[in-house]
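As provided, final-v7.txt (compact mmCIF, C-alpha atoms) reads as follows.
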```
# COMPACT_ATOMS: atom_id res chain seq x y z
CA MET A 1 -26.56 20.69 -29.48
CA ASN A 2 -28.34 19.34 -26.37
CA TYR A 3 -26.37 16.11 -26.70
CA ILE A 4 -22.93 17.75 -26.64
CA PRO A 5 -22.60 17.66 -22.79
CA ASN A 6 -23.61 13.99 -22.82
CA ILE A 7 -21.06 13.18 -25.52
CA LEU A 8 -18.32 15.08 -23.69
CA PHE A 9 -19.23 13.29 -20.48
CA ALA A 10 -19.10 9.88 -22.19
CA ILE A 11 -15.69 10.71 -23.67
CA ALA A 12 -14.36 11.81 -20.26
CA LEU A 13 -15.73 8.63 -18.68
CA ILE A 14 -14.22 6.36 -21.34
CA VAL A 15 -10.83 8.09 -21.24
CA GLY A 16 -10.72 8.12 -17.44
CA ILE A 17 -11.74 4.48 -16.97
CA GLY A 18 -9.64 3.39 -19.97
CA TYR A 19 -6.46 4.97 -18.62
CA PHE A 20 -7.16 3.51 -15.21
CA ALA A 21 -7.63 0.03 -16.72
CA LYS A 22 -4.34 0.41 -18.61
CA ASN A 23 -2.49 1.23 -15.39
CA VAL A 24 -4.17 -1.63 -13.53
CA LYS A 25 -2.97 -4.00 -16.25
CA LYS A 26 0.57 -2.62 -15.86
CA LEU A 27 0.29 -2.97 -12.08
CA ILE A 28 -0.71 -6.64 -12.35
CA ARG A 29 2.11 -7.24 -14.85
CA ASN A 30 4.67 -5.76 -12.46
CA ILE A 31 3.41 -7.76 -9.48
CA LYS A 32 3.58 -10.96 -11.53
CA LEU A 33 7.30 -10.35 -12.11
CA GLY A 34 7.75 -11.98 -8.71
CA HIS A 35 7.99 -15.74 -8.54
CA ASP A 36 4.95 -17.78 -7.61
CA VAL A 37 4.04 -18.68 -4.03
CA ASP A 38 1.23 -20.86 -2.75
CA VAL A 39 -1.24 -18.82 -0.68
CA SER A 40 -4.24 -21.11 -1.07
CA ASP A 41 -4.16 -22.28 2.55
CA ASN A 42 -6.25 -21.08 5.52
CA THR A 43 -8.98 -19.61 3.32
CA SER A 44 -11.37 -18.87 6.19
CA GLN A 45 -8.67 -17.08 8.17
CA ARG A 46 -7.71 -15.03 5.12
CA TRP A 47 -11.29 -13.89 4.58
CA LYS A 48 -11.52 -13.02 8.26
CA ASN A 49 -8.29 -11.00 8.07
CA MET A 50 -9.56 -9.07 5.06
CA ALA A 51 -12.89 -8.34 6.77
CA MET A 52 -11.33 -7.28 10.07
CA ILE A 53 -8.21 -5.45 8.88
CA ALA A 54 -9.04 -3.97 5.46
CA LEU A 55 -12.78 -3.46 5.87
CA GLY A 56 -13.02 -3.15 9.64
CA GLN A 57 -9.86 -1.04 10.09
CA SER A 58 -9.05 -3.04 13.25
CA LYS A 59 -5.32 -2.23 13.22
CA MET A 60 -5.81 1.46 12.45
CA VAL A 61 -7.53 2.17 15.77
CA LYS A 62 -4.53 0.97 17.77
CA ARG A 63 -3.54 4.63 17.48
CA PRO A 64 -6.95 6.10 18.41
CA ILE A 65 -6.73 9.66 17.05
CA ALA A 66 -5.35 8.79 13.63
CA GLY A 67 -7.48 5.63 13.54
CA PHE A 68 -10.76 7.44 14.27
CA LEU A 69 -10.06 10.18 11.73
CA HIS A 70 -9.03 7.61 9.13
CA ILE A 71 -12.28 5.69 9.62
CA ILE A 72 -14.27 8.89 9.04
CA VAL A 73 -12.38 9.63 5.82
CA TYR A 74 -12.50 5.99 4.70
CA VAL A 75 -16.23 5.49 5.35
CA GLY A 76 -17.23 8.97 4.25
CA PHE A 77 -15.26 8.97 1.03
CA ILE A 78 -16.60 5.57 -0.03
CA ILE A 79 -20.24 6.24 0.90
CA ILE A 80 -20.32 9.72 -0.59
CA ASN A 81 -19.03 8.35 -3.86
CA ILE A 82 -22.14 6.18 -4.11
CA GLU A 83 -23.63 9.33 -5.57
CA VAL A 84 -21.20 8.92 -8.46
CA LEU A 85 -23.66 6.35 -9.84
CA GLU A 86 -26.34 9.04 -10.06
CA ILE A 87 -23.88 11.49 -11.62
CA ILE A 88 -22.88 8.94 -14.26
CA ILE A 89 -26.50 8.22 -15.18
CA ASP A 90 -27.33 11.92 -15.28
CA GLY A 91 -24.23 12.65 -17.36
CA LEU A 92 -24.96 9.96 -19.94
CA ALA A 93 -28.75 10.31 -20.10
CA GLY A 94 -29.00 14.09 -19.70
CA THR A 95 -31.23 13.80 -16.62
CA HIS A 96 -30.92 15.73 -13.36
CA ARG A 97 -30.84 13.95 -9.99
CA ILE A 98 -32.55 10.91 -11.43
CA PHE A 99 -32.74 9.16 -8.07
CA SER A 100 -34.76 11.98 -6.52
CA GLY A 101 -37.84 10.11 -7.68
CA ILE A 102 -37.50 7.66 -4.81
CA GLY A 103 -39.07 10.26 -2.52
CA PRO A 104 -38.10 11.25 1.03
CA LEU A 105 -35.46 8.53 1.19
CA TYR A 106 -33.42 10.50 -1.35
CA GLY A 107 -33.25 13.46 1.02
CA VAL A 108 -32.17 11.20 3.87
CA LEU A 109 -29.37 9.76 1.75
CA ILE A 110 -28.09 13.10 0.47
CA GLY A 111 -28.36 14.55 3.96
CA ALA A 112 -26.20 11.71 5.31
CA PHE A 113 -23.75 12.30 2.46
CA GLU A 114 -23.50 15.99 3.33
CA VAL A 115 -22.80 15.29 7.01
CA LEU A 116 -20.12 12.78 6.03
CA ALA A 117 -18.64 15.26 3.54
CA LEU A 118 -18.27 17.85 6.32
CA LEU A 119 -16.71 15.28 8.67
CA VAL A 120 -14.29 14.17 5.95
CA PHE A 121 -13.36 17.81 5.22
CA VAL A 122 -12.63 18.49 8.90
CA SER A 123 -10.71 15.21 9.32
CA VAL A 124 -8.55 15.95 6.29
CA ILE A 125 -7.72 19.40 7.67
CA ILE A 126 -6.62 17.76 10.93
CA PHE A 127 -4.50 15.30 8.96
CA TRP A 128 -2.89 18.21 7.13
CA LEU A 129 -2.14 19.99 10.41
CA ARG A 130 -0.64 16.84 11.94
CA ARG A 131 1.60 16.41 8.94
CA ASN A 132 2.61 20.01 8.19
CA ALA A 133 2.09 22.10 11.34
CA ILE A 134 2.60 19.68 14.21
CA LYS A 135 5.15 17.79 12.08
CA ILE A 136 4.78 14.36 13.63
CA LYS A 137 8.20 12.72 13.52
CA ARG A 138 7.31 9.68 11.39
CA PHE A 139 6.17 11.96 8.56
CA TRP A 140 9.55 13.69 8.44
CA SER A 141 12.01 10.80 8.31
CA LYS A 142 14.94 10.73 5.86
CA GLU A 143 13.08 8.63 3.28
CA MET A 144 10.21 11.13 3.20
CA THR A 145 11.79 13.21 0.44
CA ALA A 146 10.08 15.79 -1.76
CA TRP A 147 7.75 13.43 -3.64
CA PRO A 148 6.44 11.41 -0.65
CA LYS A 149 5.78 14.63 1.26
CA ASN A 150 4.11 16.34 -1.69
CA ASP A 151 2.15 13.22 -2.63
CA ALA A 152 0.60 13.03 0.84
CA ASN A 153 -0.40 16.69 0.69
CA TYR A 154 -1.75 16.41 -2.86
CA ILE A 155 -4.07 13.65 -1.67
CA LEU A 156 -5.32 15.78 1.20
CA TYR A 157 -5.92 18.76 -1.12
CA ILE A 158 -7.80 16.60 -3.62
CA GLU A 159 -10.02 15.13 -0.90
CA MET A 160 -10.79 18.59 0.50
CA ALA A 161 -11.61 19.89 -2.97
CA LEU A 162 -13.90 16.97 -3.80
CA MET A 163 -15.87 17.36 -0.56
CA LEU A 164 -16.15 21.13 -1.03
CA LEU A 165 -17.31 20.73 -4.63
CA PHE A 166 -19.95 18.23 -3.52
CA LEU A 167 -21.36 20.69 -0.98
CA VAL A 168 -21.20 23.65 -3.41
CA MET A 169 -22.92 21.55 -6.07
CA ASN A 170 -25.80 20.91 -3.67
CA ALA A 171 -25.87 24.48 -2.33
CA THR A 172 -26.25 25.98 -5.83
CA ASP A 173 -28.79 23.43 -7.05
CA LEU A 174 -31.91 25.57 -6.67
CA LYS A 175 -34.32 22.67 -7.28
CA PHE A 176 -32.55 20.58 -4.63
CA GLN A 177 -32.58 23.47 -2.13
CA ALA A 178 -36.29 24.02 -2.86
CA MET A 179 -36.95 20.42 -1.79
CA ASN A 180 -35.72 21.44 1.70
CA ASN A 181 -34.99 17.77 2.31
CA GLY A 182 -31.42 16.54 2.45
CA ASN A 183 -29.72 19.95 2.40
CA VAL A 184 -28.50 19.48 5.96
CA ILE A 185 -25.17 21.22 5.42
CA SER A 186 -25.56 22.86 2.01
CA GLN A 187 -28.41 25.08 3.29
CA PHE A 188 -25.83 27.02 5.29
CA ILE A 189 -23.64 27.48 2.20
CA ALA A 190 -26.49 28.48 -0.13
CA PRO A 191 -26.81 32.07 1.27
CA LEU A 192 -23.28 32.78 0.00
CA PHE A 193 -24.73 32.72 -3.55
CA SER A 194 -28.03 34.49 -2.81
CA GLY A 195 -26.97 37.79 -4.40
CA LEU A 196 -26.22 36.18 -7.77
CA SER A 197 -28.57 35.78 -10.71
CA GLU A 198 -30.26 32.45 -11.30
CA GLY A 199 -28.21 31.95 -14.47
CA THR A 200 -24.93 32.56 -12.65
CA ILE A 201 -25.91 30.16 -9.87
CA HIS A 202 -26.76 27.54 -12.49
CA ILE A 203 -23.31 27.97 -14.09
CA ILE A 204 -21.66 27.55 -10.67
CA GLU A 205 -23.72 24.41 -10.00
CA ARG A 206 -22.84 22.90 -13.39
CA SER A 207 -19.17 23.83 -12.95
CA ALA A 208 -19.07 22.21 -9.51
CA TRP A 209 -20.84 19.14 -10.93
CA TRP A 210 -18.32 18.78 -13.75
CA MET A 211 -15.29 19.45 -11.56
CA HIS A 212 -16.55 16.95 -9.00
CA ILE A 213 -16.87 14.06 -11.46
CA LEU A 214 -13.70 14.99 -13.37
CA GLY A 215 -11.91 15.29 -10.04
CA ILE A 216 -13.03 11.78 -9.09
CA LEU A 217 -11.83 10.38 -12.43
CA GLY A 218 -8.55 12.25 -12.06
CA PHE A 219 -8.09 10.99 -8.51
CA LEU A 220 -8.84 7.45 -9.67
CA ASN A 221 -6.01 7.65 -12.16
CA TYR A 222 -3.70 9.40 -9.72
CA LEU A 223 -3.90 6.36 -7.43
CA TYR A 224 -1.43 4.35 -9.53
CA PHE A 225 1.29 6.95 -9.00
CA SER A 226 0.43 7.56 -5.36
CA LYS A 227 0.74 5.93 -1.96
CA HIS A 228 -3.06 6.00 -1.94
CA LEU A 229 -3.02 2.88 -4.10
CA HIS A 230 -3.68 1.07 -0.82
CA ILE A 231 -7.35 2.09 -1.19
CA LEU A 232 -7.60 -0.68 -3.79
CA LEU A 233 -4.81 -3.05 -2.75
CA ALA A 234 -5.46 -3.22 1.01
CA PHE A 235 -8.13 -5.87 0.41
CA PRO A 236 -6.07 -8.37 -1.60
CA ASN A 237 -3.01 -7.59 0.50
CA THR A 238 -4.71 -8.45 3.79
CA TYR A 239 -6.21 -11.57 2.21
CA TYR A 240 -2.85 -12.85 0.95
CA GLY A 241 -0.98 -11.64 4.03
CA LYS A 242 0.92 -13.99 6.31
CA VAL A 243 -1.34 -16.28 8.35
CA LYS A 244 1.38 -18.36 9.99
CA PRO A 245 2.85 -17.25 13.34
CA LYS A 246 4.95 -14.14 12.78
CA GLY A 247 8.03 -15.75 14.26
CA GLU A 248 7.87 -18.71 11.85
CA LEU A 249 10.31 -18.23 8.98
CA ASP A 250 9.93 -20.15 5.74
CA ASN A 251 12.55 -22.61 4.57
CA LEU A 252 14.04 -22.66 1.09
CA ALA A 253 12.58 -25.67 -0.71
CA SER A 254 15.89 -26.49 -2.44
CA VAL A 255 17.80 -26.47 0.84
CA THR A 256 15.12 -28.52 2.61
CA ALA A 257 15.23 -31.14 -0.15
CA GLU A 258 19.03 -31.30 0.10
CA VAL A 259 18.96 -31.77 3.87
CA LYS A 260 16.35 -34.53 3.60
CA LEU A 261 18.50 -36.22 0.98
CA MET A 262 21.55 -36.06 3.23
CA MET A 263 19.62 -37.58 6.13
CA ASP A 264 18.04 -40.38 4.13
CA PRO A 265 19.94 -43.63 4.99
CA ASN A 266 18.72 -45.26 1.79
CA VAL A 267 20.43 -42.75 -0.48
CA ASP A 268 23.81 -43.66 -1.97
CA PRO A 269 26.08 -40.67 -1.17
CA PHE A 270 28.41 -41.62 -4.05
CA ALA A 271 25.70 -41.89 -6.68
CA ALA A 272 25.96 -39.44 -9.54
CA GLN A 273 23.22 -36.82 -9.53
CA PRO A 274 21.03 -36.62 -12.65
CA GLU A 275 22.09 -33.88 -15.02
CA SER A 276 19.84 -30.86 -15.26
CA THR A 277 19.58 -28.38 -18.10
CA GLU A 278 17.99 -25.77 -15.85
CA ALA A 279 20.09 -23.09 -14.23
CA PRO A 280 20.22 -23.51 -10.45
CA ALA A 281 17.78 -21.34 -8.55
CA LYS A 282 19.20 -18.31 -6.79
CA PHE A 283 19.31 -18.44 -3.02
CA GLY A 284 17.51 -15.44 -1.56
CA ALA A 285 16.93 -12.18 -3.43
CA SER A 286 19.11 -9.45 -4.84
CA ASP A 287 16.48 -7.81 -7.07
CA VAL A 288 12.71 -7.51 -7.26
CA GLN A 289 12.36 -10.42 -9.70
CA ASP A 290 13.78 -12.71 -7.00
CA LEU A 291 11.00 -11.82 -4.57
CA ASN A 292 7.59 -13.48 -4.67
CA TRP A 293 4.50 -11.74 -5.99
CA VAL A 294 2.98 -11.29 -2.51
CA GLN A 295 6.06 -9.30 -1.46
CA LEU A 296 5.70 -7.12 -4.57
CA LEU A 297 2.00 -6.65 -3.77
CA ASN A 298 3.13 -5.56 -0.29
CA ALA A 299 5.39 -2.93 -1.84
CA TYR A 300 2.59 -1.42 -3.91
CA THR A 301 0.21 -1.49 -0.92
CA CYS A 302 2.51 0.47 1.40
CA THR A 303 0.74 3.59 2.69
CA GLU A 304 4.01 5.25 3.80
CA CYS A 305 2.35 5.92 7.16
CA GLY A 306 5.58 5.10 9.00
CA ARG A 307 4.01 3.06 11.78
CA CYS A 308 6.46 0.25 11.05
CA THR A 309 9.49 2.52 11.29
CA SER A 310 8.23 4.22 14.45
CA GLU A 311 7.99 0.80 16.12
CA CYS A 312 11.33 -0.52 14.83
CA PRO A 313 13.84 -0.88 17.71
CA ALA A 314 16.78 -0.65 15.33
CA ASN A 315 15.50 2.66 13.96
CA GLN A 316 14.76 3.98 17.44
CA THR A 317 18.37 3.38 18.48
CA GLY A 318 19.73 5.35 15.54
CA LYS A 319 20.38 2.52 13.10
CA LYS A 320 19.99 3.19 9.39
CA LEU A 321 17.16 0.68 8.98
CA SER A 322 13.65 1.94 8.21
CA PRO A 323 11.10 -0.78 7.29
CA ARG A 324 9.07 1.86 5.45
CA LYS A 325 12.09 2.68 3.30
CA ILE A 326 12.53 -1.04 2.51
CA MET A 327 9.02 -1.11 1.07
CA MET A 328 9.37 2.23 -0.73
CA ASP A 329 12.69 1.15 -2.27
CA THR A 330 11.19 -2.14 -3.41
CA ARG A 331 8.30 -0.33 -5.08
CA ASP A 332 10.61 2.24 -6.70
CA ARG A 333 12.86 -0.48 -8.11
CA LEU A 334 9.83 -2.44 -9.32
CA GLU A 335 8.53 0.65 -11.08
CA GLU A 336 11.96 1.13 -12.67
CA VAL A 337 11.95 -2.46 -13.91
CA GLY A 338 8.42 -2.00 -15.27
CA LYS A 339 9.42 1.13 -17.21
CA ASN A 340 12.42 -0.77 -18.56
CA ILE A 341 10.09 -3.49 -19.85
CA ASP A 342 7.77 -0.91 -21.42
CA ALA A 343 10.69 0.79 -23.14
CA ASN A 344 12.07 -2.46 -24.55
CA GLY A 345 9.03 -4.00 -26.16
CA GLY A 346 7.89 -6.13 -23.25
CA THR A 347 11.23 -7.63 -22.22
CA PHE A 348 13.59 -6.56 -19.46
CA LYS A 349 16.95 -5.26 -20.64
CA GLU A 350 19.72 -5.54 -18.08
CA ASP A 351 20.35 -2.08 -16.66
CA GLY A 352 23.25 -2.77 -14.35
CA LYS A 353 21.16 -2.08 -11.27
CA GLN A 354 19.51 -4.17 -8.60
CA LEU A 355 17.56 -3.71 -5.40
CA LEU A 356 20.54 -4.70 -3.28
CA ASP A 357 23.18 -1.95 -2.92
CA ASP A 358 21.57 0.40 -5.48
CA TYR A 359 18.47 0.90 -3.33
CA ILE A 360 18.81 -1.03 -0.07
CA THR A 361 22.19 -1.07 1.64
CA ARG A 362 23.71 -4.00 3.48
CA GLU A 363 23.94 -1.89 6.61
CA GLU A 364 20.16 -1.58 6.62
CA LEU A 365 19.66 -5.32 6.18
CA TRP A 366 21.97 -6.35 9.01
CA ALA A 367 20.56 -3.73 11.39
CA CYS A 368 17.26 -5.64 11.53
CA THR A 369 16.66 -7.58 14.77
CA THR A 370 13.94 -9.78 13.14
CA CYS A 371 11.61 -8.86 16.00
CA ASN A 372 8.53 -8.49 13.71
CA ALA A 373 7.55 -5.16 15.30
CA CYS A 374 7.12 -3.71 11.78
CA THR A 375 4.75 -6.47 10.61
CA GLU A 376 2.73 -6.19 13.81
CA ALA A 377 2.40 -2.41 13.43
CA CYS A 378 1.41 -2.32 9.75
CA PRO A 379 -2.31 -1.50 9.37
CA VAL A 380 -2.58 -3.42 6.07
CA SER A 381 -0.56 -6.60 6.80
CA ILE A 382 2.65 -5.69 4.98
CA ASP A 383 5.68 -7.84 5.84
CA PRO A 384 8.96 -5.90 5.39
CA LEU A 385 10.84 -8.58 7.33
CA SER A 386 10.31 -11.20 4.62
CA ILE A 387 12.13 -9.01 2.08
CA ILE A 388 14.95 -8.32 4.54
CA MET A 389 15.35 -12.06 5.25
CA ASP A 390 15.41 -13.00 1.56
CA MET A 391 18.09 -10.40 0.85
CA ARG A 392 20.12 -11.59 3.82
CA ARG A 393 19.90 -15.12 2.46
CA TYR A 394 21.35 -13.93 -0.80
CA LEU A 395 24.25 -12.26 0.96
CA VAL A 396 25.02 -15.32 3.08
CA MET A 397 24.35 -18.14 0.62
CA GLU A 398 25.33 -16.55 -2.69
CA GLN A 399 28.06 -14.10 -1.71
CA SER A 400 29.27 -15.41 1.66
CA ALA A 401 29.02 -11.81 2.74
CA ALA A 402 27.71 -12.16 6.28
CA PRO A 403 29.14 -9.91 9.01
CA MET A 404 32.18 -11.25 10.84
CA GLU A 405 30.19 -11.89 14.02
CA LEU A 406 27.68 -14.05 12.14
CA ASN A 407 30.39 -15.92 10.27
CA ASN A 408 32.13 -16.71 13.57
CA MET A 409 28.87 -17.99 15.02
CA MET A 410 28.14 -20.22 12.01
CA THR A 411 31.71 -21.57 12.10
CA ASN A 412 31.28 -22.42 15.76
CA VAL A 413 27.98 -24.18 15.09
CA GLU A 414 29.62 -26.18 12.31
CA ASN A 415 32.70 -27.14 14.35
CA ASN A 416 31.40 -27.24 17.92
CA GLY A 417 27.66 -27.76 17.58
CA ALA A 418 27.01 -24.51 19.44
CA PRO A 419 27.42 -20.76 18.85
CA TRP A 420 30.27 -20.55 21.38
CA PRO A 421 33.96 -21.20 20.57
CA TYR A 422 34.34 -24.12 22.96
CA ASN A 423 34.97 -27.77 22.22
CA GLN A 424 31.98 -29.97 22.94
CA MET A 425 34.05 -31.93 25.47
CA ASP A 426 34.69 -28.72 27.45
CA ARG A 427 31.09 -27.59 27.87
CA LEU A 428 30.77 -28.73 31.46
CA ASN A 429 34.11 -27.38 32.64
CA TRP A 430 32.29 -24.49 34.30
CA LYS A 431 30.95 -26.84 37.00
CA ASN A 432 34.48 -27.37 38.31
CA GLU A 433 35.14 -23.68 38.76
```
Structure re-expressed in structure tokens:
Amino acid sequence: MNYIPNILFAIALIVGIGYFAKNVKKLIRNIKLGHDVDVSDNTSQRWKNMAMIALGQSKMVKRPIAGFLHIIVYVGFIIINIEVLEIIIDGLAGTHRIFSGIGPLYGVLIGAFEVLALLVFVSVIIFWLRRNAIKIKRFWSKEMTAWPKNDANYILYIEMALMLLFLVMNATDLKFQAMNNGNVISQFIAPLFSGLSEGTIHIIERSAWWMHILGILGFLNYLYFSKHLHILLAFPNTYYGKVKPKGELDNLASVTAEVKLMMDPNVDPFAAQPESTEAPAKFGASDVQDLNWVQLLNAYTCTECGRCTSECPANQTGKKLSPRKIMMDTRDRLEEVGKNIDANGGTFKEDGKQLLDDYITREELWACTTCNACTEACPVSIDPLSIIMDMRRYLVMEQSAAPMELNNMMTNVENNGAPWPYNQMDRLNWKNE
């Protein structure tokens, strides 16, 4: 009978980690639906970006209040969960606070954890107030529908509950309180339970212990369905993020090869091209499978914080474009494609939908000024502009569906060698006026 709690704990641990591993496998599968891209260059710069941006939170603090609070939650939540290792050992082996044997250092560690837990709890309350009471504009944009709003609040509630359970667990642990070492915060909570019997207090402590670890396992598995997936993906995303100058756009390899062929004086322009059995590659992107895997990783990493949209000049002037919505739509479509694959035995069955038009409108795409304000603002190196540019390429090169103004400009470049509708011989006429 004494082994039943240990067996139940092992089952909960296996189920929780197993379900998480299953979702991680699905996540990797979905990201790999994108075509390959070489990101093996600038290794040292990539490691530096990951250390500074993901670990060091360097871009978060550009907005000091939110940045400072986020660092508290980020550092506190990670450090406090170091205690999960002790909980796992205790749960499997049937011990109680197995690390307490290290002496006074244990009290120092738990005391630091308690202070951080209180700071995290307060920070999360402030986050909740900013989102729901103050109603900061970027949290209430059109794309922030019921689920994104609720998801953000669910995360805040879970974090508050986990911190509170941690403190209650310590406050009702009579042996820990008797140590009088490390109970920096919990000592002020302990008197709330002083009128209860020792047996009742023990039940509360065990209940808090179980709810704390089950809450952590539940939160771990909630990540896949939540914007909080960036906790895990911010590190690879900042590593594989763009390292070239933001204003440098990539060229399509097929178009580059064609241009080089046209400019090569040694090539016979009348020579027959070798026949190919492969279907020609699509120019640009109309669906998630046409994007590269880094762009799909970007979509899953999006925190929905709205910093990109709040900096977007097109959005600020009332245009329909929202870079955050571009990323959210890409992720939603990718999830839809993934569910399609799951439902059809591992293969995608055409569903008559695509990212273009069904999720992202052409009006949104052409509203973009390509200023890179969104990529500069993103705290985890997401690049919405690359997706916008690839979808524009599809419209122009596959459908000839550019706006009239752009078509006129390209016609002028082709005929006159300049964007303006003047013959090359008339360019200097202005000097005679």
Would you write out, as CSV, a table of all residues in region 227-321 of chain A that have an atom no more than 10 Å from an atom of region 25-29 of chain A, listing for each the closest atom pair and the distance in Å to one decimal, considering all atoms listed in the file and ordering rows by chain and rising residue number?
```
residue,atom,partner,partner_atom,distance
A:Trp293,CA,A:Ile28,CA,9.7
A:Leu297,CA,A:Ile28,CA,9.0
A:Tyr300,CA,A:Leu27,CA,8.6
```
Discussion item. Let me make sure I understand: among A:Thr145, A:Ile102, A:Ile203, A:Cys305, which one has the smallest atom-to-atom distance to Phe127 (chain A) if we use all atoms listed in the file?
Written reply: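 Using all atoms listed in the file, Phe127 (chain A) sits closest to A:Cys305.
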Near-Ala66 (chain A) list (10 Å; all atoms listed in the file; drop same-chain fewer than 3 positions) as a JSON list (two decimals) with C-alpha atoms, keeping the file's coordinate frame:
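Here's the written file result-v8.json:
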```
[["chain", "number", "residue", "atom", "x", "y", "z"],
["A", 60, "MET", "CA", -5.81, 1.46, 12.45],
["A", 61, "VAL", "CA", -7.53, 2.17, 15.77],
["A", 62, "LYS", "CA", -4.53, 0.97, 17.77],
["A", 63, "ARG", "CA", -3.54, 4.63, 17.48],
["A", 69, "LEU", "CA", -10.06, 10.18, 11.73],
["A", 70, "HIS", "CA", -9.03, 7.61, 9.13],
["A", 71, "ILE", "CA", -12.28, 5.69, 9.62],
["A", 123, "SER", "CA", -10.71, 15.21, 9.32],
["A", 126, "ILE", "CA", -6.62, 17.76, 10.93],
["A", 127, "PHE", "CA", -4.50, 15.30, 8.96],
["A", 130, "ARG", "CA", -0.64, 16.84, 11.94]]
```
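As for CA of Gly199 (chain A) and CA of Ala171 (chain A), they are spaced 14.4 Å apart.
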Worksheet item: In Å to one decimal, how far is CA of Arg331 (chain A) from CA of Pro236 (chain A)?
Response: 16.8 Å
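Selecting by distance to (9.2, -4.5, 10.8) with a limit of 8 Å and using all atoms listed in the file, one obtains A:Cys308, A:Thr309, A:Glu311, A:Cys312, A:Pro323, A:Thr370, A:Cys371, A:Asn372, A:Ala373, A:Cys374, A:Thr375, A:Glu376, A:Ala377, A:Asp383, A:Pro384, A:Leu385.
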Spatial neighbours of Ile189 (chain A), max dist 12 Å, all atoms listed in the file, sep filter under 2 positions, as a compact mmCIF listing (two decimals) with C-alpha atoms, keeping the file's coordinate frame:
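Below is the file around-v1.txt, written as the result:
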```
# COMPACT_ATOMS: atom_id res chain seq x y z
CA GLU A 114 -23.50 15.99 3.33
CA LEU A 118 -18.27 17.85 6.32
CA LEU A 164 -16.15 21.13 -1.03
CA LEU A 165 -17.31 20.73 -4.63
CA PHE A 166 -19.95 18.23 -3.52
CA LEU A 167 -21.36 20.69 -0.98
CA VAL A 168 -21.20 23.65 -3.41
CA MET A 169 -22.92 21.55 -6.07
CA ASN A 170 -25.80 20.91 -3.67
CA ALA A 171 -25.87 24.48 -2.33
CA THR A 172 -26.25 25.98 -5.83
CA ASP A 173 -28.79 23.43 -7.05
CA GLN A 177 -32.58 23.47 -2.13
CA ASN A 183 -29.72 19.95 2.40
CA VAL A 184 -28.50 19.48 5.96
CA ILE A 185 -25.17 21.22 5.42
CA SER A 186 -25.56 22.86 2.01
CA GLN A 187 -28.41 25.08 3.29
CA PRO A 191 -26.81 32.07 1.27
CA LEU A 192 -23.28 32.78 0.00
CA PHE A 193 -24.73 32.72 -3.55
CA SER A 194 -28.03 34.49 -2.81
```
Worksheet item: Neighbours of Gly76 (chain A) within 12 Å (all atoms listed in the file; same-chain residues fewer than 6 positions away dropped), as JSON, numbers by chain?
Response: {"A": [69, 70, 82, 83, 112, 113, 114, 115, 116, 117, 118, 119, 120, 121, 122, 123, 124, 159, 162, 163]}
Worksheet entry | Best match for closeness to Ser381 (chain A) among A:Glu398, A:Lys282, A:Leu105, A:Asn298, counting only C-alpha atoms | A:Asn298
Select from region 243-311 of chain A every residue with an atom at most 12 Å from any atom of region 360-366 of chain A, then for each give the shortest pair of atoms and their distance in Å to one decimal, using only C-alpha atoms, rows by chain and rising number, as a tab-separated table.
```
residue	atom	partner	partner_atom	distance
A:Ala285	CA	A:Ile360	CA	11.8
A:Ser286	CA	A:Ile360	CA	9.7
A:Asp287	CA	A:Ile360	CA	10.0
A:Val288	CA	A:Ile360	CA	11.4
```
Worksheet item: Expressed in Å to a single decimal, how great is the separation between CA of Asn49 (chain A) and CA of Asp329 (chain A)?
Response: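 Between CA of Asn49 (chain A) and CA of Asp329 (chain A) the gap is 26.4 Å.
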Worksheet item: Between A:Ala12, A:Leu55, A:Leu196, A:Ala402, which has the minimum distance to Ile78 (chain A) (counting all atoms listed in the file)?
Response: A:Leu55
